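Asker: Pasting entry.pdb below, which is PDB, C-alpha atoms and all ligand atoms.
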```pdb
ATOM      1  CA  MET A  28      -4.339  -5.777   0.802
ATOM      2  CA  ASP A  29      -4.766  -3.119   3.502
ATOM      3  CA  ILE A  30      -2.822   0.114   3.031
ATOM      4  CA  VAL A  31      -2.675   2.460   6.004
ATOM      5  CA  MET A  32      -2.074   6.163   5.531
ATOM      6  CA  LEU A  33      -0.518   7.765   8.567
ATOM      7  CA  GLY A  34       0.642  11.273   9.461
ATOM      8  CA  HIS A  35      -0.051  14.253  11.660
ATOM      9  CA  SER A  36      -3.074  16.459  11.328
ATOM     10  CA  ALA A  37      -2.972  18.669   8.216
ATOM     11  CA  ALA A  38      -0.090  16.664   6.697
ATOM     12  CA  GLY A  39      -2.179  16.372   3.512
ATOM     13  CA  LYS A  40      -3.517  12.792   3.691
ATOM     14  CA  THR A  41      -7.139  13.404   2.721
ATOM     15  CA  SER A  42      -6.165  15.858  -0.016
ATOM     16  CA  TYR A  43      -3.764  13.267  -1.371
ATOM     17  CA  LEU A  44      -6.399  10.554  -1.423
ATOM     18  CA  SER A  45      -8.837  12.457  -3.628
ATOM     19  CA  LEU A  46      -6.168  13.720  -6.032
ATOM     20  CA  MET A  47      -4.638  10.271  -6.247
ATOM     21  CA  TYR A  48      -8.037   8.746  -6.988
ATOM     22  CA  ALA A  49      -8.830  11.325  -9.678
ATOM     23  CA  ALA A  50      -5.406  10.862 -11.309
ATOM     24  CA  MET A  51      -5.797   7.083 -11.262
ATOM     25  CA  CYS A  52      -9.313   7.298 -12.742
ATOM     26  CA  ASP A  53      -7.693   9.092 -15.690
ATOM     27  CA  GLY A  54      -5.156   6.259 -15.659
ATOM     28  CA  VAL A  55      -1.391   5.875 -15.765
ATOM     29  CA  GLU A  56      -0.135   3.741 -18.673
ATOM     30  CA  GLY A  57      -3.145   1.445 -18.706
ATOM     31  CA  MET A  58      -3.400   1.257 -14.896
ATOM     32  CA  THR A  59      -6.606   2.645 -13.411
ATOM     33  CA  LEU A  60      -8.503   2.489 -10.130
ATOM     34  CA  ARG A  61     -12.164   1.917  -9.602
ATOM     35  CA  THR A  62     -14.490   1.698  -6.633
ATOM     36  CA  ALA A  63     -17.813  -0.102  -6.611
ATOM     37  CA  ASP A  64     -19.271   2.665  -4.411
ATOM     38  CA  ASN A  65     -20.680   5.468  -6.588
ATOM     39  CA  ASP A  66     -21.023   7.891  -3.668
ATOM     40  CA  VAL A  67     -17.340   7.471  -2.842
ATOM     41  CA  HIS A  68     -16.438   7.940  -6.510
ATOM     42  CA  ARG A  69     -18.460  11.155  -6.748
ATOM     43  CA  SER A  70     -17.208  12.628  -3.486
ATOM     44  CA  LEU A  71     -13.528  11.894  -4.206
ATOM     45  CA  GLN A  72     -13.865  13.349  -7.701
ATOM     46  CA  ALA A  73     -15.643  16.454  -6.336
ATOM     47  CA  ASP A  74     -12.928  16.946  -3.684
ATOM     48  CA  ALA A  75     -10.239  16.547  -6.338
ATOM     49  CA  ARG A  76     -11.910  19.124  -8.599
ATOM     50  CA  ALA A  77     -12.128  21.548  -5.667
ATOM     51  CA  ILE A  78      -8.424  21.084  -4.818
ATOM     52  CA  LEU A  79      -7.494  21.689  -8.447
ATOM     53  CA  ARG A  80      -9.254  25.040  -8.013
ATOM     54  CA  GLY A  81      -7.384  25.678  -4.737
ATOM     55  CA  ARG A  82     -10.122  24.665  -2.251
ATOM     56  CA  TYR A  83      -9.133  21.918   0.188
ATOM     57  CA  PRO A  84     -11.349  19.415   2.048
ATOM     58  CA  ARG A  85     -12.100  19.896   5.742
ATOM     59  CA  ALA A  86      -9.923  18.183   8.368
ATOM     60  CA  SER A  87     -11.060  14.582   8.883
ATOM     61  CA  ASP A  88     -13.234  13.993  11.928
ATOM     62  CA  ARG A  89     -13.163  10.197  11.780
ATOM     63  CA  PRO A  90     -11.186   7.416  10.128
ATOM     64  CA  ARG A  91     -12.446   6.155   6.763
ATOM     65  CA  SER A  92     -11.744   3.088   4.652
ATOM     66  CA  TYR A  93     -11.982   2.998   0.887
ATOM     67  CA  ASP A  94     -12.269  -0.178  -1.175
ATOM     68  CA  PHE A  95     -10.562   0.151  -4.538
ATOM     69  CA  VAL A  96      -9.567  -2.205  -7.331
ATOM     70  CA  LEU A  97      -6.487  -1.749  -9.475
ATOM     71  CA  CYS A  98      -7.340  -2.432 -13.126
ATOM     72  CA  HIS A  99      -4.958  -3.021 -15.997
ATOM     73  CA  ASN A 100      -6.151  -2.500 -19.570
ATOM     74  CA  GLY A 101      -9.716  -2.419 -18.244
ATOM     75  CA  GLY A 102      -9.605  -5.750 -16.348
ATOM     76  CA  ASP A 103      -9.657  -6.061 -12.547
ATOM     77  CA  VAL A 104      -6.246  -7.051 -11.202
ATOM     78  CA  PHE A 105      -5.905  -6.381  -7.520
ATOM     79  CA  PRO A 106      -8.405  -5.296  -4.854
ATOM     80  CA  PHE A 107      -7.141  -3.261  -1.913
ATOM     81  CA  ARG A 108      -8.380  -1.153   0.983
ATOM     82  CA  TRP A 109      -6.990   2.308   1.761
ATOM     83  CA  LYS A 110      -7.390   3.623   5.305
ATOM     84  CA  ASP A 111      -7.423   7.349   6.037
ATOM     85  CA  HIS A 112      -7.011   8.093   9.754
ATOM     86  CA  ARG A 113      -7.338  11.456  11.448
ATOM     87  CA  GLY A 114      -3.883  12.799  12.232
ATOM     88  CA  GLY A 115      -5.139  13.662  15.723
ATOM     89  CA  ALA A 116      -5.353   9.949  16.570
ATOM     90  CA  LEU A 117      -1.544   9.788  16.489
ATOM     91  CA  THR A 118      -1.165  11.956  19.560
ATOM     92  CA  GLU A 119      -4.072  10.473  21.497
ATOM     93  CA  HIS A 120      -2.738   6.971  22.133
ATOM     94  CA  ARG A 121      -1.650   7.670  25.691
ATOM     95  CA  ARG A 122      -5.157   8.827  26.536
ATOM     96  CA  GLY A 123      -6.674   5.579  25.245
ATOM     97  CA  SER A 124      -8.944   7.097  22.573
ATOM     98  CA  PRO A 125     -10.796   4.469  20.495
ATOM     99  CA  GLN A 126      -9.576   6.038  17.220
ATOM    100  CA  ALA A 127      -5.981   5.860  18.479
ATOM    101  CA  ALA A 128      -6.489   2.182  19.356
ATOM    102  CA  GLN A 129      -7.909   1.526  15.885
ATOM    103  CA  LEU A 130      -4.969   3.297  14.253
ATOM    104  CA  HIS A 131      -2.569   1.158  16.263
ATOM    105  CA  ASP A 132      -4.362  -2.083  15.286
ATOM    106  CA  ASP A 133      -4.527  -1.045  11.627
ATOM    107  CA  LEU A 134      -0.843  -0.203  11.596
ATOM    108  CA  VAL A 135       0.158  -3.566  13.051
ATOM    109  CA  ALA A 136      -2.074  -5.409  10.553
ATOM    110  CA  ALA A 137      -1.210  -3.210   7.542
ATOM    111  CA  ASP A 138       0.102  -4.835   4.368
ATOM    112  CA  GLY A 139       1.420  -1.469   3.210
ATOM    113  CA  ILE A 140       2.133   1.842   4.945
ATOM    114  CA  VAL A 141       2.220   5.357   3.533
ATOM    115  CA  LEU A 142       3.716   7.842   5.951
ATOM    116  CA  PHE A 143       2.822  11.506   5.303
ATOM    117  CA  VAL A 144       5.046  14.310   6.508
ATOM    118  CA  ASP A 145       4.454  17.994   5.847
ATOM    119  CA  ALA A 146       7.604  19.465   4.260
ATOM    120  CA  LEU A 147       6.718  23.051   5.178
ATOM    121  CA  ARG A 148       6.239  22.127   8.814
ATOM    122  CA  LEU A 149       9.505  20.200   8.802
ATOM    123  CA  ASP A 150      11.189  23.312   7.470
ATOM    124  CA  THR A 151       9.656  25.853   9.849
ATOM    125  CA  ASP A 152       8.510  24.183  13.079
ATOM    126  CA  PRO A 153      11.298  23.064  15.425
ATOM    127  CA  GLU A 154       8.990  20.438  16.943
ATOM    128  CA  ALA A 155       8.282  18.786  13.580
ATOM    129  CA  ALA A 156      11.548  16.811  13.431
ATOM    130  CA  GLN A 157      10.837  15.423  16.909
ATOM    131  CA  ASP A 158       7.312  14.418  15.770
ATOM    132  CA  VAL A 159       8.827  12.675  12.763
ATOM    133  CA  ARG A 160      11.216  10.759  15.012
ATOM    134  CA  ARG A 161       8.273   9.540  17.127
ATOM    135  CA  LEU A 162       6.340   8.559  14.016
ATOM    136  CA  VAL A 163       9.339   6.739  12.616
ATOM    137  CA  VAL A 164       9.735   4.728  15.833
ATOM    138  CA  ARG A 165       6.072   3.708  15.696
ATOM    139  CA  VAL A 166       6.260   2.641  12.083
ATOM    140  CA  HIS A 167       9.459   0.743  12.718
ATOM    141  CA  GLN A 168       7.966  -1.089  15.706
ATOM    142  CA  ALA A 169       4.951  -2.067  13.607
ATOM    143  CA  VAL A 170       6.935  -3.511  10.692
ATOM    144  CA  ALA A 171      10.178  -4.761  12.231
ATOM    145  CA  ASP A 172       9.011  -8.249  13.192
ATOM    146  CA  ARG A 173       7.453  -9.338   9.915
ATOM    147  CA  GLU A 174      10.212 -11.506   8.555
ATOM    148  CA  GLU A 175       7.891 -13.299   6.156
ATOM    149  CA  THR A 176       5.636 -10.671   4.622
ATOM    150  CA  LEU A 177       6.688  -8.286   1.925
ATOM    151  CA  THR A 178       5.624  -4.811   3.108
ATOM    152  CA  PRO A 179       5.818  -1.651   0.996
ATOM    153  CA  LEU A 180       6.548   1.522   2.958
ATOM    154  CA  VAL A 181       6.301   4.973   1.397
ATOM    155  CA  ILE A 182       7.564   8.176   2.980
ATOM    156  CA  ALA A 183       5.459  10.841   1.271
ATOM    157  CA  LEU A 184       6.889  14.323   1.720
ATOM    158  CA  THR A 185       3.890  16.600   1.147
ATOM    159  CA  LYS A 186       3.523  20.286   0.252
ATOM    160  CA  THR A 187       6.854  20.407  -1.538
ATOM    161  CA  ASP A 188       5.492  23.348  -3.546
ATOM    162  CA  LEU A 189       6.064  25.407  -0.388
ATOM    163  CA  VAL A 190       9.735  24.518   0.192
ATOM    164  CA  ASP A 191      12.952  24.632  -1.811
ATOM    165  CA  LEU A 192      14.014  21.048  -2.472
ATOM    166  CA  GLY A 193      16.946  22.339  -4.527
ATOM    167  CA  ALA A 194      18.547  24.212  -1.576
ATOM    168  CA  PRO A 195      22.065  23.012  -0.657
ATOM    169  CA  ASP A 196      20.952  21.743   2.770
ATOM    170  CA  ALA A 197      17.663  20.253   1.521
ATOM    171  CA  ALA A 198      18.849  16.643   1.940
ATOM    172  CA  ASP A 199      19.733  17.295   5.612
ATOM    173  CA  ARG A 200      16.466  19.004   6.344
ATOM    174  CA  PHE A 201      14.025  16.791   4.478
ATOM    175  CA  LEU A 202      15.708  13.396   4.388
ATOM    176  CA  GLY A 203      17.715  13.649   7.637
ATOM    177  CA  PRO A 204      14.821  12.962  10.048
ATOM    178  CA  PHE A 205      14.009   9.737   8.177
ATOM    179  CA  LEU A 206      17.524   8.313   8.057
ATOM    180  CA  PRO A 207      17.100   6.049  11.114
ATOM    181  CA  LEU A 208      14.032   4.486   9.462
ATOM    182  CA  ILE A 209      15.678   4.289   6.040
ATOM    183  CA  GLU A 210      18.762   2.596   7.505
ATOM    184  CA  ALA A 211      16.637   0.135   9.512
ATOM    185  CA  VAL A 212      14.579  -0.714   6.423
ATOM    186  CA  GLN A 213      17.744  -1.247   4.371
ATOM    187  CA  GLU A 214      18.757  -3.955   6.851
ATOM    188  CA  THR A 215      15.579  -5.917   6.138
ATOM    189  CA  ARG A 216      14.631  -7.887   3.034
ATOM    190  CA  HIS A 217      10.893  -7.757   3.517
ATOM    191  CA  ILE A 218      10.290  -3.981   3.675
ATOM    192  CA  GLN A 219      10.489  -2.132   0.369
ATOM    193  CA  GLY A 220      10.804   1.593   0.998
ATOM    194  CA  ALA A 221      10.369   4.649  -1.216
ATOM    195  CA  PHE A 222      10.777   8.377  -0.554
ATOM    196  CA  ILE A 223       8.381  10.418  -2.683
ATOM    197  CA  PRO A 224       8.005  14.229  -2.706
ATOM    198  CA  LEU A 225       4.418  15.301  -3.465
ATOM    199  CA  VAL A 226       2.411  18.333  -4.404
ATOM    200  CA  CYS A 227      -1.327  18.065  -3.783
ATOM    201  CA  GLY A 228      -2.671  21.357  -5.105
ATOM    202  CA  PRO A 229      -3.846  22.998  -8.309
ATOM    203  CA  GLU A 230      -0.775  21.585 -10.050
ATOM    204  CA  PRO A 231      -0.343  18.129  -8.531
ATOM    205  CA  GLU A 232       2.950  16.288  -8.699
ATOM    206  CA  GLY A 233       3.828  12.686  -7.980
ATOM    207  CA  VAL A 234       0.366  11.708  -6.739
ATOM    208  CA  ALA A 235       0.152   8.353  -8.518
ATOM    209  CA  LEU A 236       3.529   7.138  -7.251
ATOM    210  CA  PRO A 237       2.786   6.257  -3.584
ATOM    211  CA  VAL A 238      -0.246   4.122  -4.417
ATOM    212  CA  LEU A 239       1.512   2.441  -7.331
ATOM    213  CA  TRP A 240       4.536   1.679  -5.143
ATOM    214  CA  ALA A 241       2.329   0.091  -2.488
ATOM    215  CA  LEU A 242       0.409  -1.913  -5.097
ATOM    216  CA  ARG A 243       3.513  -3.095  -6.887
ATOM    217  CA  PHE A 244       4.784  -4.857  -3.781
ATOM    218  CA  GLY A 245       1.294  -5.956  -2.768
ATOM    219  CA  ILE A 246       0.993  -7.687  -6.133
ATOM    220  CA  ILE A 247       4.480  -9.197  -5.929
ATOM    221  CA  GLY A 248       3.737 -10.493  -2.406
ATOM    222  CA  ARG A 249       0.489 -12.089  -3.618
ATOM    223  CA  ALA A 250       2.260 -13.587  -6.650
ATOM    224  CA  MET A 251       4.926 -15.066  -4.370
ATOM    225  CA  GLN A 252       2.244 -16.673  -2.158
ATOM    226  CA  LEU A 253       0.464 -18.112  -5.195
ATOM    227  CA  SER A 254       3.631 -19.471  -6.710
ATOM    228  CA  ALA A 255       4.653 -21.142  -3.409
ATOM    229  CA  SER A 256       1.211 -22.694  -3.217
ATOM    230  CA  ILE A 257       1.450 -23.915  -6.845
ATOM    231  CA  ASP A 258       4.876 -25.478  -6.141
ATOM    232  CA  SER A 259       3.565 -27.379  -3.155
ATOM    233  CA  LEU A 260       0.445 -28.585  -5.002
ATOM    234  CA  VAL A 261       2.546 -29.742  -7.965
ATOM    235  CA  ALA A 262       4.898 -31.624  -5.593
ATOM    236  CA  SER A 263       2.013 -33.288  -3.800
ATOM    237  CA  ALA A 264       0.353 -34.214  -7.128
ATOM    238  CA  GLN A 265       3.629 -35.837  -8.215
ATOM    239  CA  LEU A 266       3.859 -37.819  -4.996
ATOM    240  CA  ALA A 267       0.263 -38.969  -5.366
ATOM    241  CA  ASP A 268       0.952 -39.967  -8.991
ATOM    242  CA  GLN A 269       3.878 -42.166  -7.890
ATOM    243  CA  ARG A 270       1.611 -43.937  -5.400
ATOM    244  CA  ASP A 271      -1.157 -44.504  -7.895
ATOM    245  CA  THR A 272      -1.615 -48.230  -8.707
ATOM    246  CA  LEU A 273      -4.481 -50.236 -10.076
ATOM    247  CA  TRP A 274      -4.739 -51.958  -6.714
ATOM    248  CA  ASP A 275      -4.905 -48.587  -4.865
ATOM    249  CA  ARG A 276      -7.813 -47.495  -7.073
ATOM    250  CA  VAL A 277      -9.719 -50.726  -6.368
ATOM    251  CA  SER A 278      -9.019 -50.820  -2.621
ATOM    252  CA  SER A 279      -9.765 -47.108  -2.178
ATOM    253  CA  TRP A 280     -13.075 -47.586  -3.952
ATOM    254  CA  TRP A 281     -13.802 -50.567  -1.678
ATOM    255  CA  ASP A 282     -12.750 -48.661   1.511
ATOM    256  CA  ASP A 283     -14.562 -45.531   0.329
ATOM    257  CA  VAL A 284     -11.493 -43.248   0.700
ATOM    258  CA  PRO A 285      -9.941 -41.012  -1.972
ATOM    259  CA  SER A 286      -7.499 -42.905  -4.196
ATOM    260  CA  TRP A 287      -4.033 -41.515  -4.927
ATOM    261  CA  ALA A 288      -5.221 -40.944  -8.488
ATOM    262  CA  ALA A 289      -8.098 -38.808  -7.163
ATOM    263  CA  ILE A 290      -5.724 -36.870  -4.893
ATOM    264  CA  ARG A 291      -3.351 -36.278  -7.822
ATOM    265  CA  ASP A 292      -6.218 -34.978 -10.001
ATOM    266  CA  ARG A 293      -7.515 -32.750  -7.195
ATOM    267  CA  ASP A 294      -4.077 -31.192  -6.546
ATOM    268  CA  ARG A 295      -3.462 -30.687 -10.267
ATOM    269  CA  ALA A 296      -6.811 -28.901 -10.571
ATOM    270  CA  LEU A 297      -6.033 -26.738  -7.524
ATOM    271  CA  ALA A 298      -2.609 -25.863  -8.965
ATOM    272  CA  ALA A 299      -4.203 -24.915 -12.293
ATOM    273  CA  ALA A 300      -6.702 -22.669 -10.467
ATOM    274  CA  GLU A 301      -3.894 -20.946  -8.555
ATOM    275  CA  LEU A 302      -1.991 -20.473 -11.811
ATOM    276  CA  GLU A 303      -5.065 -18.813 -13.289
ATOM    277  CA  ARG A 304      -4.997 -16.328 -10.388
ATOM    278  CA  LEU A 305      -1.259 -15.764 -10.772
ATOM    279  CA  GLU A 306      -1.121 -15.120 -14.507
ATOM    280  CA  PRO A 307      -3.047 -11.802 -14.606
ATOM    281  CA  LEU A 308      -0.650 -10.375 -11.975
ATOM    282  CA  VAL A 309       2.540 -10.864 -13.963
ATOM    283  CA  GLU A 310       2.143  -8.174 -16.640
ATOM    284  CA  PRO A 311       0.930  -5.410 -14.266
ATOM    285  CA  ALA A 312       3.797  -6.200 -11.858
ATOM    286  CA  ASP A 313       6.308  -5.813 -14.704
ATOM    287  CA  ARG A 314       4.601  -2.637 -15.901
ATOM    288  CA  LEU A 315       4.686  -1.147 -12.391
ATOM    289  CA  GLY A 316       8.352  -2.049 -12.097
ATOM    290  CA  GLU A 317       9.087   0.021 -15.232
ATOM    291  CA  LEU A 318       6.884   2.929 -14.139
ATOM    292  CA  LEU A 319       8.556   3.177 -10.739
ATOM    293  CA  GLU A 320      12.137   2.786 -11.936
ATOM    294  CA  ASP A 321      13.119   6.371 -11.078
ATOM    295  CA  VAL A 322      11.599   6.476  -7.590
ATOM    296  CA  PHE A 323      14.127   6.943  -4.781
ATOM    297  CA  SER A 324      13.946   3.569  -3.049
ATOM    298  CA  PHE A 325      15.576   1.975  -0.028
TER     299      PHE A 325
HETATM  300  N1  LIG A 401       0.473  24.165  -0.585
HETATM  301  C1  LIG A 401       0.009  22.954  -0.314
HETATM  302  N2  LIG A 401      -0.916  22.791   0.655
HETATM  303  C2  LIG A 401      -1.386  21.557   0.907
HETATM  304  C3  LIG A 401      -0.954  20.416   0.160
HETATM  305  N3  LIG A 401      -1.593  19.335   0.643
HETATM  306  C4  LIG A 401      -2.385  19.768   1.640
HETATM  307  N4  LIG A 401      -2.274  21.117   1.806
HETATM  308  C5  LIG A 401      -2.886  21.964   2.855
HETATM  309  O1  LIG A 401      -2.918  21.181   4.047
HETATM  310  C6  LIG A 401      -4.227  21.197   4.594
HETATM  311  C7  LIG A 401      -4.534  19.899   5.278
HETATM  312  O2  LIG A 401      -4.686  18.872   4.342
HETATM  313  P1  LIG A 401      -5.525  17.545   4.671
HETATM  314  O3  LIG A 401      -5.470  16.741   3.424
HETATM  315  O4  LIG A 401      -6.854  17.869   5.232
HETATM  316  O5  LIG A 401      -4.624  16.915   5.804
HETATM  317  P2  LIG A 401      -4.880  15.549   6.640
HETATM  318  O6  LIG A 401      -3.546  14.906   6.761
HETATM  319  O7  LIG A 401      -5.967  14.759   6.030
HETATM  320  O8  LIG A 401      -5.307  16.128   8.057
HETATM  321  P3  LIG A 401      -6.218  15.390   9.179
HETATM  322  O9  LIG A 401      -7.464  14.959   8.506
HETATM  323  O10 LIG A 401      -6.435  16.455  10.204
HETATM  324  O11 LIG A 401      -5.417  14.272   9.725
HETATM  325  C8  LIG A 401      -5.145  21.509   3.414
HETATM  326  O12 LIG A 401      -6.315  22.128   3.846
HETATM  327  C9  LIG A 401      -4.285  22.419   2.572
HETATM  328  O13 LIG A 401      -4.415  23.745   3.047
HETATM  329  C10 LIG A 401       0.039  20.623  -0.863
HETATM  330  O14 LIG A 401       0.543  19.702  -1.531
HETATM  331  N5  LIG A 401       0.474  21.897  -1.051
HETATM  332 MG    MG A 402      -7.752  14.053   6.767
END
```
Would you mind writing the structure in this file as C-alpha cells?

Answerer:
Amino acid sequence: MDIVMLGHSAAGKTSYLSLMYAAMCDGVEGMTLRTADNDVHRSLQADARAILRGRYPRASDRPRSYDFVLCHNGGDVFPFRWKDHRGGALTEHRRGSPQAAQLHDDLVAADGIVLFVDALRLDTDPEAAQDVRRLVVRVHQAVADREETLTPLVIALTKTDLVDLGAPDAADRFLGPFLPLIEAVQETRHIQGAFIPLVCGPEPEGVALPVLWALRFGIIGRAMQLSASIDSLVASAQLADQRDTLWDRVSSWWDDVPSWAAIRDRDRALAAAELERLEPLVEPADRLGELLEDVFSF
C-alpha cells in the first residue's frame, strides 16, 4: 500500500511523520510499526525526541519514501510505504518541476491519501482557504475515477494547539473549506474519509489516528481482494471436481495435459494459500475498527 502525504510547505507533514512513528513504536493497543532500515528508525526517533523538546526538523528539500510494516501483537501484518513530499512541489506543477511531476504521479497511484492543512494559517491568512480549495480539487481529481478501489482519505488539520477549536464559528472556519470535498466523498462508496485535528509538538495529540485510519482501509481493501480471489478459486475447484472422471484422468495422462482432478487440487491449494494470507488480517481490521470508532468520518 502506498500512502501519500500532501500539503503546503510548513503544514507539519515531516513533523507529523516522526511523531507518528515514535508513537507507533510505543504501540497503540497491540498495534506497532517497524522499519527494516535502522538509520530511518534512528533518525525518526531523534526527530521525534527533538520535537517533544520543542525543536522542529528543517523544511524538506526533497521527497522521501519510508517503508514500514504494521505489526499486531508482535507479528507482521501489513507492509506499506509512506511518501513525504516537499510542500513546495504543490505550487510548482505549472513550471514542470520534476518533484511536482513525481507528486502528481504518486497522488494518482496512491492507495491512501493524507491531506495536511495548517489550522493557524487557515485562521489567519486570507489566501489559505483559496489554497485549500485548489488542494481539494487536486485530491478530488486524483480519486474520483477509482470506482473499484477502496481509498482512505484523511484530512489532517495540524497545529490545532494554536487555534481555538471550541470557538462558535470554528466549524465554519476549519471545516468549511473542506465541505466540497467531504460532500463529493460522501457520494462515493470507495473513498473512506476522516477529519482529524492534530497537535505535533511537545504534547502531541491524535498522531496515531491518520496512519491507523489509512491502514484500516488498506487492510480491508486487501482482505476484500483476497476473499474475492478465494471465492473464484473455490468455484473453479468445484467445477473441475464435477468434470473429474476416471476416463479424464487416464486420457489426460495419455495426452500429457493436466487432468480435472489436478486442476481441482491446484485451485484448492491456491485457495488455502490465499486464506492463510487473509486470516491474519481479520483481527487487526476489527481492532482498528474499534480504535477508530470516535473519529469524525465521511
Ligand atoms: N505549534 C505547532 N507548530 C507546529 C506543529 N506542527 C508543525 N509545526 C511548525 O510547523 C513547522 C513546519 O513543519 P514541517 O513538519 O517541517 O512542515 P512540512 O509540511 O514538512 O513542510 P515542507 O517540508 O516544507 O513541505 C515546524 O517547524 C513547526 O514550527 C504543531 O502541531 N503545532
Ligand atoms: Mg517536510

Asker: Starting from the displayed file, determine the output of the PyMOL selection byres (((chain A and resi 295) around 12) and not hetatm) and express the residue list as a ChimeraX atom specification.

Answerer: /A:256-268,288-294,296-302

Asker: Under the PyMOL selection byres (((chain A and resi 306-310) around 10) and not hetatm), which residues of this model are included? Write them out as an NGL selection string.

Answerer: :A and (99 or 102-105 or 243 or 246-247 or 249-250 or 253 or 301-305 or 311-316)

Asker: Give me, as a VMD selection string, all polymer residues having an atom no more than 12 Å from stretch 209-220 of chain A, counting all atoms listed in the file and skipping those fewer than 4 positions away in the same chain.

Answerer: chain A and resid 138 to 142 160 163 to 164 166 to 183 202 to 205 237 240 to 245 247 to 248 322 to 325

Asker: Can those selected residues be exported to a file as a PDB file, keeping the file's coordinate frame so that it contains C-alpha atoms?

Answerer:
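The result, stored in selection.pdb:
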```pdb
ATOM      1  CA  ASP A 138       0.102  -4.835   4.368  1.00  0.00           C
ATOM      2  CA  GLY A 139       1.420  -1.469   3.210  1.00  0.00           C
ATOM      3  CA  ILE A 140       2.133   1.842   4.945  1.00  0.00           C
ATOM      4  CA  VAL A 141       2.220   5.357   3.533  1.00  0.00           C
ATOM      5  CA  LEU A 142       3.716   7.842   5.951  1.00  0.00           C
ATOM      6  CA  ARG A 160      11.216  10.759  15.012  1.00  0.00           C
ATOM      7  CA  VAL A 163       9.339   6.739  12.616  1.00  0.00           C
ATOM      8  CA  VAL A 164       9.735   4.728  15.833  1.00  0.00           C
ATOM      9  CA  VAL A 166       6.260   2.641  12.083  1.00  0.00           C
ATOM     10  CA  HIS A 167       9.459   0.743  12.718  1.00  0.00           C
ATOM     11  CA  GLN A 168       7.966  -1.089  15.706  1.00  0.00           C
ATOM     12  CA  ALA A 169       4.951  -2.067  13.607  1.00  0.00           C
ATOM     13  CA  VAL A 170       6.935  -3.511  10.692  1.00  0.00           C
ATOM     14  CA  ALA A 171      10.178  -4.761  12.231  1.00  0.00           C
ATOM     15  CA  ASP A 172       9.011  -8.249  13.192  1.00  0.00           C
ATOM     16  CA  ARG A 173       7.453  -9.338   9.915  1.00  0.00           C
ATOM     17  CA  GLU A 174      10.212 -11.506   8.555  1.00  0.00           C
ATOM     18  CA  GLU A 175       7.891 -13.299   6.156  1.00  0.00           C
ATOM     19  CA  THR A 176       5.636 -10.671   4.622  1.00  0.00           C
ATOM     20  CA  LEU A 177       6.688  -8.286   1.925  1.00  0.00           C
ATOM     21  CA  THR A 178       5.624  -4.811   3.108  1.00  0.00           C
ATOM     22  CA  PRO A 179       5.818  -1.651   0.996  1.00  0.00           C
ATOM     23  CA  LEU A 180       6.548   1.522   2.958  1.00  0.00           C
ATOM     24  CA  VAL A 181       6.301   4.973   1.397  1.00  0.00           C
ATOM     25  CA  ILE A 182       7.564   8.176   2.980  1.00  0.00           C
ATOM     26  CA  ALA A 183       5.459  10.841   1.271  1.00  0.00           C
ATOM     27  CA  LEU A 202      15.708  13.396   4.388  1.00  0.00           C
ATOM     28  CA  GLY A 203      17.715  13.649   7.637  1.00  0.00           C
ATOM     29  CA  PRO A 204      14.821  12.962  10.048  1.00  0.00           C
ATOM     30  CA  PHE A 205      14.009   9.737   8.177  1.00  0.00           C
ATOM     31  CA  PRO A 237       2.786   6.257  -3.584  1.00  0.00           C
ATOM     32  CA  TRP A 240       4.536   1.679  -5.143  1.00  0.00           C
ATOM     33  CA  ALA A 241       2.329   0.091  -2.488  1.00  0.00           C
ATOM     34  CA  LEU A 242       0.409  -1.913  -5.097  1.00  0.00           C
ATOM     35  CA  ARG A 243       3.513  -3.095  -6.887  1.00  0.00           C
ATOM     36  CA  PHE A 244       4.784  -4.857  -3.781  1.00  0.00           C
ATOM     37  CA  GLY A 245       1.294  -5.956  -2.768  1.00  0.00           C
ATOM     38  CA  ILE A 247       4.480  -9.197  -5.929  1.00  0.00           C
ATOM     39  CA  GLY A 248       3.737 -10.493  -2.406  1.00  0.00           C
ATOM     40  CA  VAL A 322      11.599   6.476  -7.590  1.00  0.00           C
ATOM     41  CA  PHE A 323      14.127   6.943  -4.781  1.00  0.00           C
ATOM     42  CA  SER A 324      13.946   3.569  -3.049  1.00  0.00           C
ATOM     43  CA  PHE A 325      15.576   1.975  -0.028  1.00  0.00           C
TER      44      PHE A 325
END
```

Asker: Please provide as a list in words all residues within 12 Å of A:Pro231, with the sequence filter that same-chain residues fewer than 3 positions apart are discarded (counting only C-alpha atoms).

Answerer: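 Returned residues: Ser42, Tyr43, Ser45, Leu46, Met47, Ala49, Ala50, Ala75, Arg76, Ile78, Leu79, Arg80, Gly81, Thr185, Lys186, Thr187, Asp188, Pro224, Leu225, Val226, Cys227, Gly228, Val234, Ala235 and Leu236 of chain A.
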
Asker: Could the residues of chain A that have an atom at most 6 Å from ligand MG 402 (chain A) be listed as CSV, each with its closest atom pair and the distance in Å to one decimal, counting only C-alpha atoms and all ligand atoms and ordered by chain and ascending residue number?

Answerer:
```
residue,atom,partner,partner_atom,distance
A:Lys40,CA,A:MG402,MG,5.4
A:Thr41,CA,A:MG402,MG,4.1
A:Ala86,CA,A:MG402,MG,4.9
A:Ser87,CA,A:MG402,MG,4.0
A:Arg113,CA,A:MG402,MG,5.4
```

Asker: Atoms to include: C-alpha atoms. Write the selected residues as a PDB file, keeping the file's coordinate frame.

Answerer:
```
ATOM      1  CA  LYS A  40      -3.517  12.792   3.691  1.00  0.00           C
ATOM      2  CA  THR A  41      -7.139  13.404   2.721  1.00  0.00           C
ATOM      3  CA  ALA A  86      -9.923  18.183   8.368  1.00  0.00           C
ATOM      4  CA  SER A  87     -11.060  14.582   8.883  1.00  0.00           C
ATOM      5  CA  ARG A 113      -7.338  11.456  11.448  1.00  0.00           C
TER       6      ARG A 113
END
```

Asker: Smallest atom-to-atom distance to A:Leu147: which of A:Thr62, A:Pro207, A:Asp132, A:Ala38, using all atoms listed in the file?

Answerer: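 Going through A:Thr62, A:Pro207, A:Asp132, A:Ala38 one by one, the smallest distance to A:Leu147 is for A:Ala38.
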
Asker: Determine the residue set returned by the PyMOL selection byres (((chain A and resi 94-98) around 10) and not hetatm) for the present structure, and present it as a PyMOL selection string.

Answerer: chain A and resi 28-29+48+51-52+54+57-64+67-68+92-93+99-110+238-239+242+311

Asker: My list of candidates is A:Leu184, A:Leu71, A:Ala156, A:Val31. Which is closest to ligand LIG 401 (chain A) when distances are computed with all atoms listed in the file?

Answerer: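 Nearest to ligand LIG 401 (chain A): A:Leu184.
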